[in-house]
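**Q** Can you keep this structure in mind? I'll have questions shortly.
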Amino acid sequence: MTFEFAIPRDALEYSHRQLYISEELDSPSLRAESYLNLAKAHLRLGELERALNFARHSLYNKCELCATAGHVHLTVGSVYLELAGFNKALDSFQQAHRIALALRDTALELQVYVGLSELFSRLQDAEKSARYASKAYDLSRSLQLNDLNSRHHRAALLQMASALRKQGELGDAHDYCSEATRLALICGDQASYARSIRIMGDIYRNKSDINKAFRQYEAAMGSAAAMGDRVIQMESMDGAARCLEALRIQHKICNCRPLEFNTRLLEVAKSIGAKLLMRAVGLRLSGIYHSLGDENNKLHHEQLALKIQNDLALNCAACRSPYGLEDDSLEALSCSHILHARCAYELVRRNKKKKCPCPECDRTSSRLYLNCNDYNSMQYSPVQLSICSSDSHGTSHQATSSV
Ligand SMILES: [Zn+2]
Ligand SMILES: [Zn+2]
């Protein structure tokens, strides 16, 4: 069975034991589960390449359409989110979603929406991030009452809090986040607790209450470090670094502490391979060195950030200009290539009768994967999107058109 441990190292030890038993029993499905658990533990330890390797091992040992495979795709999607490989993340989430619908696995479906919400949050499409967060939240409420204490419910609450914050709805974000903190404490769920106080830090930071925000991040860092959860630790450090940056720009502190802290954070982000964060920290360091009059180091970090940005190649498949750097509405084709929403709708409009080929990979799709349910309320003039016919899972049409 799959399991959740507060401490990733405990999860690792348990998974290795499970793997040993699966070898003894020569059971491919148990082996697949062990590898999945190893992948999940390595993800939290920030060892992303190893997480991907174990995920691949898991898939070798499993049928294509089973819950374990669904969770493997979900985990792979989460790993690629950290690596800023957004097309691959989207592709993995789509595969997990397909399995969730085929198996009517609501908990898995919910987790896919949480992942998609996070993906669009990182790509600065706050509106789409909020939409997927509310899909997750709605699902969490439709589960049995008993499950309101489940970690899925807490994950949905936290994703709502995070998405609402991005939209500037700080009061509501605060309420969702407090509820998640309360439930995490009741259930002794350390990982959700650490994440919730980190998100609360973000909310205070947006309210310009920097001191309160900093204390939240410090608590989250401590909690994450105690668990050995390096991903939450890194996210909390980034929050603290943003607080220091705010204080530095307001001339409330000198450059020393931000310099030291961001240098340390850059090392953490590098060791994990979190490219988006490496880029952000590089830009911050460049600004700090500029204030110090150290033009060599300023240029070095600026170039580092630019190189990462080029490597990420976050360019719209249609117009080739970048996406994800500033607030914008995005869409994706079923091949998982991402476009500006305006470019995607233009593409569909031009190919009204025919299936439209992706400008990036030339694969045809007859729909936009991310087409939203309340599409008609959007500013684009309604285009009739035919539902994809190549999808063999007939029953899931209605729902997949929204992913
Ligand atoms: Zn574009
Ligand atoms: Zn494509």
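Chain labels follow the order of the structure tokens: the first chain is A, the next B, and so on; residue numbering restarts at 1 in every chain, and ligands are counted from 1 in their shown order.
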How close does each residue of chain A get to ligand 2, giving the shortest atom pair and distance in Å to one decimal for every residue with an atom at most 12 Å away, counting only C-alpha atoms and all ligand atoms, sorted by chain and residue number, as a Markdown table?
**A**
| residue | atom | partner | partner_atom_place_in_ligand_line | distance |
| --- | --- | --- | --- | --- |
| A:Asn87 | CA | ligand 2 | 1 (Zn) | 9.2 |
| A:Lys88 | CA | ligand 2 | 1 (Zn) | 11.4 |
| A:Leu90 | CA | ligand 2 | 1 (Zn) | 11.8 |
| A:Asp91 | CA | ligand 2 | 1 (Zn) | 10.7 |
| A:Cys316 | CA | ligand 2 | 1 (Zn) | 10.6 |
| A:Ala317 | CA | ligand 2 | 1 (Zn) | 7.4 |
| A:Ala318 | CA | ligand 2 | 1 (Zn) | 9.9 |
| A:Glu331 | CA | ligand 2 | 1 (Zn) | 11.8 |
| A:Ala332 | CA | ligand 2 | 1 (Zn) | 8.5 |
| A:Leu333 | CA | ligand 2 | 1 (Zn) | 6.5 |
| A:Ser334 | CA | ligand 2 | 1 (Zn) | 7.4 |
| A:Cys335 | CA | ligand 2 | 1 (Zn) | 4.6 |
| A:Ser336 | CA | ligand 2 | 1 (Zn) | 6.1 |
| A:His337 | CA | ligand 2 | 1 (Zn) | 4.5 |
| A:Ile338 | CA | ligand 2 | 1 (Zn) | 7.9 |
| A:Leu339 | CA | ligand 2 | 1 (Zn) | 9.7 |
| A:Ala344 | CA | ligand 2 | 1 (Zn) | 11.4 |
| A:Cys356 | CA | ligand 2 | 1 (Zn) | 10.4 |
| A:Pro357 | CA | ligand 2 | 1 (Zn) | 7.7 |
| A:Cys358 | CA | ligand 2 | 1 (Zn) | 4.5 |
| A:Pro359 | CA | ligand 2 | 1 (Zn) | 6.5 |
| A:Glu360 | CA | ligand 2 | 1 (Zn) | 4.8 |
| A:Cys361 | CA | ligand 2 | 1 (Zn) | 4.2 |
| A:Asp362 | CA | ligand 2 | 1 (Zn) | 6.0 |
| A:Arg363 | CA | ligand 2 | 1 (Zn) | 5.7 |
| A:Thr364 | CA | ligand 2 | 1 (Zn) | 7.9 |
| A:Ser365 | CA | ligand 2 | 1 (Zn) | 8.8 |
| A:Leu368 | CA | ligand 2 | 1 (Zn) | 11.2 |
| A:Tyr369 | CA | ligand 2 | 1 (Zn) | 11.5 |
**Q** Would you save the residues from that selection as an mmCIF file, in the first residue's frame, using C-alpha atoms?
**A**
data_model
loop_
_atom_site.group_PDB
_atom_site.id
_atom_site.type_symbol
_atom_site.label_atom_id
_atom_site.label_comp_id
_atom_site.auth_asym_id
_atom_site.auth_seq_id
_atom_site.Cartn_x
_atom_site.Cartn_y
_atom_site.Cartn_z
ATOM 1 C CA ASN A 87 5.241 20.854 -20.578
ATOM 2 C CA LYS A 88 6.356 17.589 -19.028
ATOM 3 C CA LEU A 90 1.359 19.138 -17.718
ATOM 4 C CA ASP A 91 1.699 15.938 -19.713
ATOM 5 C CA CYS A 316 4.578 30.484 -26.556
ATOM 6 C CA ALA A 317 4.267 27.733 -29.150
ATOM 7 C CA ALA A 318 2.483 30.160 -31.494
ATOM 8 C CA GLU A 331 -3.882 27.716 -22.553
ATOM 9 C CA ALA A 332 -2.441 24.413 -23.679
ATOM 10 C CA LEU A 333 -3.038 22.015 -26.517
ATOM 11 C CA SER A 334 -3.589 18.331 -25.867
ATOM 12 C CA CYS A 335 0.087 17.693 -26.720
ATOM 13 C CA SER A 336 0.870 19.703 -23.530
ATOM 14 C CA HIS A 337 2.451 22.614 -25.358
ATOM 15 C CA ILE A 338 1.580 25.874 -23.671
ATOM 16 C CA LEU A 339 0.473 29.050 -25.428
ATOM 17 C CA ALA A 344 -4.464 29.496 -28.644
ATOM 18 C CA CYS A 356 -5.610 22.418 -35.503
ATOM 19 C CA PRO A 357 -1.938 21.447 -35.597
ATOM 20 C CA CYS A 358 0.309 22.492 -32.745
ATOM 21 C CA PRO A 359 2.848 25.039 -34.061
ATOM 22 C CA GLU A 360 5.505 23.439 -31.849
ATOM 23 C CA CYS A 361 5.181 19.714 -32.527
ATOM 24 C CA ASP A 362 2.632 19.598 -35.340
ATOM 25 C CA ARG A 363 0.425 17.141 -33.484
ATOM 26 C CA THR A 364 -3.184 17.895 -34.193
ATOM 27 C CA SER A 365 -5.750 18.435 -31.521
ATOM 28 C CA LEU A 368 -7.803 23.000 -25.978
ATOM 29 C CA TYR A 369 -7.008 20.835 -23.026
#
**Q** List the neighbours of Leu157 in chain A out to 8 Å using only C-alpha atoms; skip same-chain residues closer than 3 positions along the sequence, and give me the result as number ranges by chain.
**A** A: 137, 153-154, 160-161, 176-177, 179-180
**Q** If we count only C-alpha atoms, what is near Gly168 in chain A at a cut-off of 9 Å, once residues fewer than 5 positions away on the same chain are taken out, given as number ranges by chain?
**A** A: 163, 173, 206
**Q** For the residues in the current selection, export C-alpha atoms as a short mmCIF file (atom, residue, chain, number, x, y, z; two decimals), in the first residue's frame.
**A**
data_model
loop_
_atom_site.label_atom_id
_atom_site.label_comp_id
_atom_site.auth_asym_id
_atom_site.auth_seq_id
_atom_site.Cartn_x
_atom_site.Cartn_y
_atom_site.Cartn_z
CA ALA A 163 -4.46 30.84 -5.25
CA ALA A 173 -6.87 33.37 1.71
CA ASN A 206 1.25 40.62 0.80
#
**Q** Do a neighbour search on Tyr204 in chain A at 12 Å with only C-alpha atoms, toss out local chain neighbours closer than 5 positions, and write the hits as an NGL selection string.
**A** :A and (165 or 168 or 170-171 or 173-174 or 177 or 197-199 or 209-217 or 239-240 or 242-243)
**Q** Can you work out which one of A:Val72, A:Glu218, A:Gly85, A:Ser223 has the shortest atom-to-atom distance to Ser192 in chain A, counting only C-alpha atoms?
**A**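 Of all the options, A:Ser223 lies closest to Ser192 in chain A.
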